[in-house]
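Have a look at target32.tsv; it's TSV, C-alpha atoms:
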chain	number	residue	atom	x	y	z
A	262	MET	CA	98.64	80.42	59.36
A	263	ASP	CA	100.04	79.53	55.93
A	264	PRO	CA	100.62	82.85	54.12
A	265	GLN	CA	100.91	81.22	50.69
A	266	ASN	CA	97.23	80.35	50.40
A	267	ALA	CA	95.83	82.88	52.83
A	268	PRO	CA	93.30	85.50	51.70
A	269	ARG	CA	94.47	89.08	51.54
A	270	ALA	CA	92.73	92.35	52.26
A	271	LYS	CA	93.46	96.08	52.34
A	272	LEU	CA	94.25	97.93	55.53
A	273	ASP	CA	92.36	101.19	55.95
A	274	ALA	CA	94.98	102.70	58.20
A	275	ILE	CA	98.25	102.16	60.03
A	276	VAL	CA	98.14	103.70	63.50
A	277	VAL	CA	101.47	104.51	65.15
A	278	PRO	CA	101.73	105.54	68.82
A	279	ASN	CA	104.73	107.72	68.06
A	280	GLY	CA	107.09	108.81	70.84
A	281	ARG	CA	110.38	108.87	68.93
A	282	PRO	CA	111.92	111.18	66.28
A	283	PRO	CA	110.77	110.87	62.63
A	284	VAL	CA	113.71	108.63	61.66
A	285	TYR	CA	111.96	105.81	63.54
A	286	LEU	CA	108.94	106.06	61.24
A	287	LYS	CA	110.54	104.65	58.10
A	288	GLN	CA	108.89	101.24	58.39
A	289	ALA	CA	105.44	102.69	58.99
A	290	ILE	CA	105.82	105.20	56.15
A	291	ASP	CA	107.04	102.56	53.70
A	292	ALA	CA	104.16	100.28	54.65
A	293	ALA	CA	101.57	103.04	54.25
A	294	VAL	CA	102.91	104.01	50.81
A	295	ARG	CA	103.18	100.41	49.64
A	296	LEU	CA	99.70	99.42	50.82
A	297	GLY	CA	97.91	102.69	50.13
A	298	ALA	CA	96.80	102.91	53.76
A	299	HIS	CA	96.16	106.11	55.69
A	300	LEU	CA	99.04	106.71	58.11
A	301	LEU	CA	97.81	108.03	61.45
A	302	LEU	CA	100.64	109.21	63.71
A	303	LEU	CA	99.73	109.95	67.33
A	304	CYS	CA	102.66	111.94	68.63
A	305	SER	CA	104.09	112.95	72.01
A	306	LEU	CA	107.33	112.76	74.02
A	307	ARG	CA	110.28	113.03	71.57
A	308	ALA	CA	108.03	112.92	68.52
A	309	ASN	CA	107.12	116.09	66.63
A	310	ALA	CA	103.84	115.87	64.72
A	311	ASN	CA	104.77	118.51	62.14
A	312	ASN	CA	108.17	116.98	61.34
A	313	ALA	CA	106.66	113.50	61.21
A	314	ALA	CA	103.98	114.64	58.74
A	315	ILE	CA	106.57	116.35	56.53
A	316	GLN	CA	108.75	113.23	56.35
A	317	ALA	CA	105.79	111.01	55.52
A	318	ARG	CA	104.47	113.44	52.91
A	319	ARG	CA	107.85	113.57	51.17
A	320	ALA	CA	107.73	109.79	50.85
A	321	GLY	CA	104.27	109.98	49.26
A	322	ALA	CA	102.21	108.78	52.21
A	323	ARG	CA	98.67	109.88	52.94
A	324	VAL	CA	99.32	110.95	56.51
A	325	THR	CA	97.78	112.71	59.45
A	326	ALA	CA	99.96	113.43	62.49
A	327	ILE	CA	98.33	114.58	65.73
A	328	ASP	CA	99.93	116.07	68.82
A	329	VAL	CA	98.03	114.13	71.49
A	330	ARG	CA	99.05	116.32	74.41
A	331	ARG	CA	96.22	118.23	76.08
A	332	LEU	CA	93.42	116.39	74.30
A	333	PRO	CA	89.89	117.43	75.31
A	334	ALA	CA	88.67	115.59	78.40
A	335	TRP	CA	85.60	114.11	76.71
A	336	GLY	CA	87.36	112.59	73.70
A	337	ILE	CA	88.16	109.36	75.54
A	338	PRO	CA	86.01	108.21	78.48
A	339	ALA	CA	87.37	108.27	82.01
A	340	PHE	CA	88.24	104.79	83.22
A	341	GLU	CA	87.65	103.28	86.66
A	342	THR	CA	90.99	101.48	86.38
A	343	ASP	CA	92.80	104.82	85.98
A	344	GLN	CA	91.02	106.29	88.97
A	345	LEU	CA	91.83	103.22	91.08
A	346	LEU	CA	95.57	103.32	90.33
A	347	SER	CA	95.82	107.11	90.51
A	348	ARG	CA	95.21	106.86	94.25
A	349	SER	CA	98.47	104.97	94.59
A	350	ARG	CA	101.84	106.58	93.91
A	351	GLU	CA	103.39	103.12	93.53
A	352	HIS	CA	101.01	101.78	90.87
A	353	HIS	CA	100.09	104.91	88.91
A	354	ARG	CA	101.57	104.68	85.40
A	355	LYS	CA	102.58	107.92	83.65
A	356	VAL	CA	102.73	106.71	80.06
A	357	ASP	CA	100.39	107.50	77.17
A	358	THR	CA	100.66	104.45	74.89
A	359	SER	CA	97.22	103.18	75.92
A	360	LEU	CA	95.71	106.64	75.41
A	361	LYS	CA	97.11	106.75	71.86
A	362	ARG	CA	95.82	103.30	70.99
A	363	ASN	CA	92.38	104.06	72.38
A	364	LEU	CA	92.33	107.32	70.44
A	365	GLY	CA	93.23	105.34	67.32
A	366	LEU	CA	90.28	103.01	67.93
A	367	SER	CA	87.92	105.97	68.43
A	368	ILE	CA	89.07	107.65	65.22
A	369	ALA	CA	88.79	104.36	63.33
A	370	ALA	CA	85.19	103.85	64.46
A	371	LEU	CA	84.20	107.45	63.69
A	372	ALA	CA	85.90	107.37	60.28
A	373	GLY	CA	84.23	104.10	59.32
A	374	TRP	CA	87.48	102.16	58.99
A	375	LYS	CA	87.15	98.36	59.06
A	376	ARG	CA	90.75	97.13	59.38
A	377	ILE	CA	93.64	98.92	61.04
A	378	LEU	CA	97.18	98.01	62.02
A	379	PHE	CA	98.76	99.17	65.26
A	380	LEU	CA	102.49	99.49	64.64
A	381	ASP	CA	104.98	100.68	67.25
A	382	ASP	CA	107.80	102.94	66.06
A	383	ASP	CA	110.49	100.48	67.23
A	384	ILE	CA	109.21	97.61	65.08
A	385	GLU	CA	110.68	96.54	61.74
A	386	LEU	CA	108.78	94.60	59.07
A	387	PRO	CA	110.94	92.28	56.95
A	388	ASP	CA	108.15	91.60	54.42
A	389	LEU	CA	105.33	94.11	53.92
A	390	GLU	CA	103.27	91.42	52.16
A	391	ASP	CA	102.63	90.00	55.63
A	392	LEU	CA	100.34	92.96	56.34
A	393	GLY	CA	97.95	92.05	53.54
A	394	VAL	CA	97.76	88.51	54.87
A	395	ALA	CA	97.12	89.78	58.40
A	396	ALA	CA	94.34	92.07	57.12
A	397	GLY	CA	92.79	89.18	55.20
A	398	ALA	CA	92.75	87.01	58.30
A	399	LEU	CA	90.58	89.57	60.06
A	400	GLY	CA	87.66	88.04	58.21
A	401	GLU	CA	87.77	85.09	60.63
A	402	HIS	CA	89.63	86.55	63.60
A	403	ALA	CA	89.07	89.66	65.69
A	404	VAL	CA	92.80	90.40	65.90
A	405	VAL	CA	95.87	89.09	64.08
A	406	GLY	CA	99.37	89.61	65.41
A	407	LEU	CA	102.65	89.41	63.57
A	408	GLU	CA	105.09	87.02	65.20
A	409	ASN	CA	107.97	88.80	66.92
A	410	GLY	CA	111.25	87.59	65.52
A	411	GLY	CA	113.47	90.14	67.27
A	412	MET	CA	113.98	91.18	70.87
A	413	PRO	CA	111.33	89.27	72.88
A	414	ASP	CA	108.61	91.60	74.11
A	415	ASN	CA	108.62	90.28	77.68
A	416	SER	CA	108.71	91.75	81.15
A	417	VAL	CA	111.97	92.19	83.05
A	418	VAL	CA	111.20	89.09	85.10
A	419	CYS	CA	110.61	86.99	81.97
A	420	HIS	CA	113.81	88.33	80.38
A	421	ALA	CA	115.76	87.27	83.46
A	422	LEU	CA	114.22	83.80	83.39
A	423	ARG	CA	115.19	83.46	79.74
A	424	ASP	CA	118.74	84.65	80.48
A	425	ILE	CA	119.22	81.85	83.03
A	426	GLY	CA	117.96	79.25	80.57
A	427	VAL	CA	114.26	78.98	81.39
A	428	ASP	CA	112.15	78.77	78.24
A	429	GLN	CA	109.80	81.75	77.89
A	430	ALA	CA	107.01	81.92	75.36
A	431	THR	CA	105.97	85.17	73.69
A	432	PHE	CA	102.42	86.25	72.94
A	433	ILE	CA	101.04	88.49	70.22
A	434	GLY	CA	101.18	92.10	71.31
A	435	GLY	CA	100.17	95.59	70.36
A	436	GLY	CA	103.49	96.37	68.69
A	437	ALA	CA	102.36	94.87	65.38
A	438	LEU	CA	98.68	94.02	65.65
A	439	ALA	CA	95.98	94.01	62.97
A	440	VAL	CA	92.57	94.81	64.45
A	441	GLY	CA	89.19	94.35	62.78
A	442	GLU	CA	86.12	96.45	63.55
A	443	ASP	CA	84.62	93.63	65.64
A	444	ALA	CA	87.41	94.27	68.18
A	445	PHE	CA	87.00	98.06	68.27
A	446	ASP	CA	84.76	97.60	71.31
A	447	SER	CA	87.79	96.47	73.35
A	448	PHE	CA	90.15	99.01	74.90
A	449	PHE	CA	93.72	99.27	76.17
A	450	PRO	CA	93.88	99.93	79.95
A	451	ASN	CA	96.78	102.03	81.19
A	452	ILE	CA	98.77	99.18	82.71
A	453	TYR	CA	101.70	97.01	81.66
A	454	ASN	CA	100.47	94.16	79.39
A	455	GLU	CA	97.63	96.40	78.23
A	456	ASP	CA	97.61	94.50	74.94
A	457	TRP	CA	96.90	91.23	76.79
A	458	PHE	CA	93.84	92.86	78.36
A	459	PHE	CA	92.80	94.22	74.96
A	460	LEU	CA	92.65	90.64	73.67
A	461	LEU	CA	90.10	89.69	76.33
A	462	ASP	CA	86.40	90.23	75.70
A	463	GLY	CA	85.55	90.50	79.38
A	464	MET	CA	85.34	86.78	80.01
A	465	GLY	CA	87.79	85.04	77.67
A	466	LEU	CA	90.23	85.45	74.80
A	467	ARG	CA	89.01	86.96	71.53
A	468	PRO	CA	89.49	84.89	68.35
A	469	SER	CA	93.09	85.66	67.36
A	470	ALA	CA	95.77	84.41	64.99
A	471	VAL	CA	99.46	84.87	64.24
A	472	THR	CA	101.00	85.32	60.81
A	473	GLY	CA	104.04	86.93	59.22
A	474	LEU	CA	106.97	88.43	61.04
A	475	ALA	CA	107.83	91.63	62.89
A	476	THR	CA	111.12	92.47	64.56
A	477	GLN	CA	111.39	94.31	67.87
A	478	LYS	CA	114.53	96.44	68.05
A	479	PRO	CA	116.93	95.48	70.89
A	480	TYR	CA	116.87	97.24	74.23
A	481	ASP	CA	118.36	96.65	77.70
A	482	PRO	CA	115.53	95.54	80.04
A	483	TYR	CA	117.76	95.92	83.10
A	484	ARG	CA	119.00	99.47	82.45
A	485	ASP	CA	116.54	101.06	84.87
A	486	ALA	CA	115.04	99.25	87.86
A	487	ASP	CA	111.98	101.49	87.61
A	488	ARG	CA	111.02	99.51	84.53
A	489	ALA	CA	110.62	96.36	86.64
A	490	ARG	CA	108.65	98.27	89.28
A	491	GLY	CA	106.30	99.73	86.70
A	492	GLU	CA	105.67	96.35	85.10
A	493	GLU	CA	105.00	94.29	88.20
A	494	LEU	CA	101.30	94.97	88.77
A	495	GLY	CA	100.38	94.48	85.11
A	496	ASP	CA	102.59	91.42	84.80
A	497	THR	CA	101.08	89.91	87.95
A	498	LEU	CA	97.50	90.52	86.86
A	499	ALA	CA	98.03	89.29	83.30
A	500	GLU	CA	99.93	86.17	84.34
A	501	GLY	CA	97.27	85.43	86.94
A	502	VAL	CA	94.33	85.92	84.56
A	503	PHE	CA	95.84	83.98	81.67
A	504	GLY	CA	96.86	81.25	84.10
A	505	LEU	CA	93.18	80.80	84.92
A	506	LEU	CA	92.21	80.76	81.25
A	507	ASP	CA	94.89	78.18	80.48
A	508	ARG	CA	93.24	75.92	83.07
A	509	GLY	CA	89.82	76.36	81.51
A	510	LEU	CA	88.60	78.64	84.31
A	511	GLY	CA	87.00	82.07	84.09
A	512	LEU	CA	87.59	85.51	85.55
A	513	ASN	CA	84.97	84.82	88.21
A	514	GLU	CA	87.59	82.52	89.77
A	515	ALA	CA	89.99	85.44	90.29
A	516	ASP	CA	88.80	86.18	93.80
A	517	GLU	CA	90.83	87.14	96.87
A	518	LYS	CA	91.45	83.49	97.72
A	519	TYR	CA	92.99	82.93	94.27
A	520	TRP	CA	95.31	85.94	94.58
A	521	ARG	CA	96.33	84.99	98.12
A	522	GLY	CA	97.76	81.82	96.61
A	523	PHE	CA	99.09	83.36	93.41
A	524	LEU	CA	101.04	86.31	94.85
A	525	PRO	CA	103.38	84.26	97.13
A	526	ASP	CA	104.07	81.90	94.22
A	527	ARG	CA	104.91	84.86	92.01
A	528	ARG	CA	107.34	86.25	94.58
A	529	GLN	CA	108.96	82.87	95.07
A	530	ILE	CA	109.61	82.59	91.33
A	531	ILE	CA	111.37	85.97	91.33
A	532	LYS	CA	113.40	85.12	94.44
A	533	HIS	CA	114.48	81.82	92.90
A	534	THR	CA	115.45	83.68	89.74
A	535	VAL	CA	117.66	86.02	91.79
A	536	GLU	CA	119.41	83.00	93.32
A	537	ARG	CA	119.95	81.47	89.88
A	538	VAL	CA	121.35	84.73	88.54
A	539	GLU	CA	123.72	85.08	91.51
A	540	SER	CA	125.16	81.60	90.91
A	541	SER	CA	125.34	81.96	87.13
A	542	THR	CA	128.32	82.74	84.91
A	543	ILE	CA	126.66	85.89	83.56
A	544	GLU	CA	129.09	88.81	83.24
A	545	SER	CA	129.37	90.60	86.60
A	546	ALA	CA	128.10	94.04	85.54
A	547	GLN	CA	125.11	92.51	83.75
A	548	LYS	CA	124.46	90.24	86.71
A	549	ALA	CA	124.40	93.21	89.07
A	550	ARG	CA	121.85	95.07	86.91
A	551	MET	CA	119.67	91.97	86.71
A	552	ILE	CA	119.66	91.48	90.48
A	553	VAL	CA	118.81	95.12	91.15
A	554	ALA	CA	115.92	94.94	88.69
A	555	LEU	CA	114.58	91.67	90.06
A	556	LYS	CA	114.74	92.91	93.65
A	557	ALA	CA	112.85	96.02	92.53
A	558	ALA	CA	110.14	93.74	91.11
A	559	ILE	CA	109.91	91.82	94.41
A	560	GLY	CA	109.70	95.05	96.38
A	561	ARG	CA	106.83	96.28	94.24
A	562	SER	CA	105.14	92.88	94.45
A	563	TYR	CA	104.91	93.19	98.24
A	564	LEU	CA	102.79	96.32	97.70
A	565	ILE	CA	100.25	94.31	95.68
A	566	GLU	CA	97.45	92.98	97.87
A	567	PRO	CA	94.83	90.40	96.83
A	568	GLU	CA	92.15	93.02	97.39
A	569	LEU	CA	93.79	95.36	94.85
A	570	CYS	CA	93.86	92.58	92.21
A	571	VAL	CA	90.15	91.91	92.71
A	572	LYS	CA	89.26	95.62	92.64
A	573	TYR	CA	91.29	96.18	89.49
A	574	LEU	CA	89.57	93.38	87.57
A	575	GLN	CA	86.17	94.62	88.74
A	576	ALA	CA	87.03	98.15	87.60
A	577	TRP	CA	88.33	96.79	84.28
A	578	GLN	CA	85.03	95.03	83.64
A	579	VAL	CA	83.15	98.27	84.37
A	580	ASP	CA	85.49	100.02	81.92
A	581	ASN	CA	84.68	97.45	79.24
A	582	VAL	CA	81.01	98.40	79.46
A	583	ARG	CA	81.86	102.10	79.47
A	584	TRP	CA	84.11	101.74	76.42
A	585	ARG	CA	81.50	99.75	74.46
A	586	ASP	CA	78.98	102.47	75.17
A	587	HIS	CA	81.47	105.11	74.01
A	588	MET	CA	82.18	103.23	70.78
A	589	SER	CA	78.52	102.58	70.10
A	590	LYS	CA	77.92	106.32	70.13
A	591	SER	CA	80.98	106.85	67.93
A	592	ARG	CA	79.72	104.50	65.24
A	593	HIS	CA	76.47	106.44	65.02
A	594	ASP	CA	78.44	109.62	64.26
A	595	VAL	CA	80.32	108.29	61.22
A	596	VAL	CA	80.63	110.98	58.56
A	597	SER	CA	84.24	111.28	57.37
A	598	PHE	CA	87.77	111.12	58.68
A	599	GLU	CA	87.96	114.89	59.01
A	600	ASP	CA	84.68	115.02	60.91
A	601	ALA	CA	85.93	112.26	63.18
A	602	LEU	CA	88.73	114.52	64.40
A	603	VAL	CA	86.37	117.45	64.88
A	604	SER	CA	83.90	115.22	66.73
A	605	LEU	CA	86.63	114.22	69.17
A	606	GLY	CA	87.34	117.88	69.82
A	607	ILE	CA	90.95	117.77	68.61
A	608	ASP	CA	92.33	121.27	68.18
A	609	PRO	CA	93.04	121.79	64.44
A	610	SER	CA	96.33	123.46	65.36
A	611	ARG	CA	97.51	120.09	66.70
A	612	ILE	CA	96.72	118.26	63.44
A	613	HIS	CA	99.37	118.11	60.74
A	614	TRP	CA	98.33	116.82	57.34
A	615	GLY	CA	100.46	115.09	54.74
A	616	VAL	CA	98.58	116.83	51.94
A	617	GLU	CA	97.17	120.31	51.48
A	618	HIS	CA	94.20	119.75	53.75
A	619	ARG	CA	92.29	121.53	56.43
A	620	ILE	CA	89.25	120.69	58.50
A	621	ARG	CA	86.48	122.74	56.98
A	622	ASN	CA	84.79	125.27	59.21
A	623	GLY	CA	81.38	123.78	58.53
A	624	ALA	CA	82.31	120.31	59.72
A	625	LYS	CA	79.73	118.84	62.07
A	626	ARG	CA	80.73	119.38	65.70
A	627	ARG	CA	79.59	117.08	68.46
A	628	SER	CA	77.23	118.85	70.83
A	629	ASN	CA	77.55	118.71	74.60
A	630	GLU	CA	74.53	116.42	74.70
A	631	SER	CA	76.21	113.80	72.50
A	632	ARG	CA	79.49	113.76	74.42
A	633	PRO	CA	80.19	110.72	76.60
A	634	SER	CA	78.36	111.13	79.91
A	635	VAL	CA	81.51	110.39	81.93
A	636	ARG	CA	84.14	113.10	81.71
A	637	ALA	CA	87.84	112.55	82.27

Translate the structure described by the file into structure tokens.
Amino acid sequence: MDPQNAPRAKLDAIVVPNGRPPVYLKQAIDAAVRLGAHLLLLCSLRANANNAAIQARRAGARVTAIDVRRLPAWGIPAFETDQLLSRSREHHRKVDTSLKRNLGLSIAALAGWKRILFLDDDIELPDLEDLGVAAGALGEHAVVGLENGGMPDNSVVCHALRDIGVDQATFIGGGALAVGEDAFDSFFPNIYNEDWFFLLDGMGLRPSAVTGLATQKPYDPYRDADRARGEELGDTLAEGVFGLLDRGLGLNEADEKYWRGFLPDRRQIIKHTVERVESSTIESAQKARMIVALKAAIGRSYLIEPELCVKYLQAWQVDNVRWRDHMSKSRHDVVSFEDALVSLGIDPSRIHWGVEHRIRNGAKRRSNESRPSVRA
């Protein structure tokens, strides 16, 4: 997309799934101040909602920081995909990035926002004008990603392939992603490559575009072999699904027969990568970390059965329906941003404002009857 002649629009909010200290929020704060967007910080892990709100307020941002720990069970619907993976110690994923992004979508729908930007706290933005272009492109596209010009946002396996000289493409991801209200009815499942699944509408890829530039800060993908283990199921499913789409086929083709052919091919690719790494001139310590990580990925792959792949995609499609129903109810409840937080049952003590603000006692509360029928 040519940014010179592209239409521009205003972002209603910048949503940051914040897990790092406030110093990592500089880019998001600067962008919110520059664009006049509401800065919504969803905090956990090493992030402190109160400190984050104070830093943003000092910079002049209109900010709300929320401690997302111990959210009410009915704020976000329970997902079949979560229940499926929770039965398995190997595939259960104990991260909350998807929860934060889904909460951001729920708040956006309740608050009546039309255009939001998901921005991870390890992303840098060389030119903030790119955000106006991305927001403007939401008139024709459901989502618009900023091109990653820094550390490639790939899996451990893809990083290893790149390090031995195999060309690896990158795809738009949730780290710097503008989302229009037409895509609010999609959700982020709690699995690696959750942003790839978000871009699917249940059968195919949503209309999407790429513009501008974002920079992922460097990290060592081989530092902990658990990273490769945790990525393998999501990487396998996403690569398998998008492989079908690339061939003009649909998700109905992702049956057990398909996965019985795909999984051995996947494992063979990783094994061949290990052999290439072993014979390479890569520095010995780095080579050792790479091999350990790749073997961890293979080990986890052998715990992935074709039946699990089919069950996961079936559960994901059920979750799509459940999420659309949840968001349909949310849109009917639109009153104000403050009421959106009350409606989701967020404890006011966990909300930190960037201005002198407080949820009024008379704000409309969602009754038990209007809560989602499925409880987490």

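Distances from A:Ile377, A:Leu300, A:Ala403, A:Val427 to Trp614 of chain A were compared using all atoms listed in the file, and the smallest one belongs to A:Leu300.
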
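Near segment 541-554 of chain A, within 9 Å and counting only C-alpha atoms, sit Val417, Val418, Ala421, Asp424, Ile425, Pro482, Tyr483, Arg484, Asp485, Ala486, Asp487, Arg488, Ala489, Arg490, Thr534 and Val535 of chain A; same-chain residues fewer than 6 positions away were not included.
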
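Distances from A:His587, A:Glu539, A:Arg508, A:Ile452 to Leu364 of chain A were compared using only C-alpha atoms, and the smallest one belongs to A:His587.
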
Practice task
To one decimal in Å, tell me the separation between atom CA of Val324 of chain A and atom CA of Ala372 of chain A.
Solution key: 14.4 Å

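With all atoms listed in the file as the atoms that count, the residue of A:Ile565, A:Glu390, A:Phe449, A:Ala298 with the shortest distance to Ser349 of chain A is A:Ile565.
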
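Minimum distance to Ile275 of chain A across A:Phe379, A:Phe432, A:Trp374, A:Trp457 (counting all atoms listed in the file) occurs at A:Phe379.
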
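With all atoms listed in the file as the atoms that count, the residue of A:Ala395, A:Leu524, A:Leu303, A:Leu460 with the shortest distance to Thr497 of chain A is A:Leu524.
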
Exercise for the section: Place a sphere of radius 10 Å on (88.9, 103.3, 70.1) in the file coordinates and name every protein, DNA or RNA residue with an atom inside or on its surface, counting all atoms listed in the file; give the answer as a PyMOL selection string. Expected result: chain A and resi 337+360-371+442+444-449+584-585+587-588+591

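Proximity ranking of A:Val502, A:Leu301, A:Ala270, A:Leu345 relative to Val329 of chain A places A:Leu301 first, based on only C-alpha atoms.
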
Practice task
May I have the protein, DNA and RNA residues with an atom at most 12 Å from (108.3, 94.4, 67.5), counting only C-alpha atoms in the file's coordinates, returned as a PyMOL selection string?
Solution key: chain A and resi 288+379-387+406-415+431-438+473-480

Completion exercise
note - atom CA of Arg528 of chain A and atom CA of Asp496 of chain A are separated by 12.0 Å

Put the listed atoms of segment 572-580 of chain A in a box along x, y and z with 6 Å added on every side and give me the centre and edge lengths in Å to one decimal, as lines of an AutoDock Vina configuration file.
center_x = 87.2
center_y = 96.7
center_z = 87.3
size_x = 20.1
size_y = 18.6
size_z = 22.7

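Here atom CA of Leu389 of chain A is placed at a distance of 20.0 Å from atom CA of Ser469 of chain A.
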
So which residues touch Arg350 of chain A within 12 Å, counting only C-alpha atoms, skipping near sequence neighbours fewer than 3 positions away, as a PDB file with C-alpha atoms, in the coordinates of the input?
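Output (around.pdb):
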ATOM      1  CA  GLN A 344      91.020 106.290  88.970  1.00  0.00           C
ATOM      2  CA  LEU A 345      91.830 103.220  91.080  1.00  0.00           C
ATOM      3  CA  LEU A 346      95.570 103.320  90.330  1.00  0.00           C
ATOM      4  CA  SER A 347      95.820 107.110  90.510  1.00  0.00           C
ATOM      5  CA  HIS A 353     100.090 104.910  88.910  1.00  0.00           C
ATOM      6  CA  ARG A 354     101.570 104.680  85.400  1.00  0.00           C
ATOM      7  CA  LYS A 355     102.580 107.920  83.650  1.00  0.00           C
ATOM      8  CA  ARG A 490     108.650  98.270  89.280  1.00  0.00           C
ATOM      9  CA  GLY A 491     106.300  99.730  86.700  1.00  0.00           C
ATOM     10  CA  ARG A 561     106.830  96.280  94.240  1.00  0.00           C
ATOM     11  CA  LEU A 564     102.790  96.320  97.700  1.00  0.00           C
TER      12      LEU A 564
END

Exercise for the section: Pick out the residues sitting within 10 Å of Asp428 of chain A, and hand them over as number ranges by chain; count all atoms listed in the file, and ignore anything fewer than 6 positions along from it in its own chain. Expected result: A: 419-420, 422

Handout entry: Spatial neighbours of Pro283 of chain A, max dist 10 Å, only C-alpha atoms, sep filter under 4 positions, as a PyMOL selection string
Key = chain A and resi 279+287+290+307-317+382
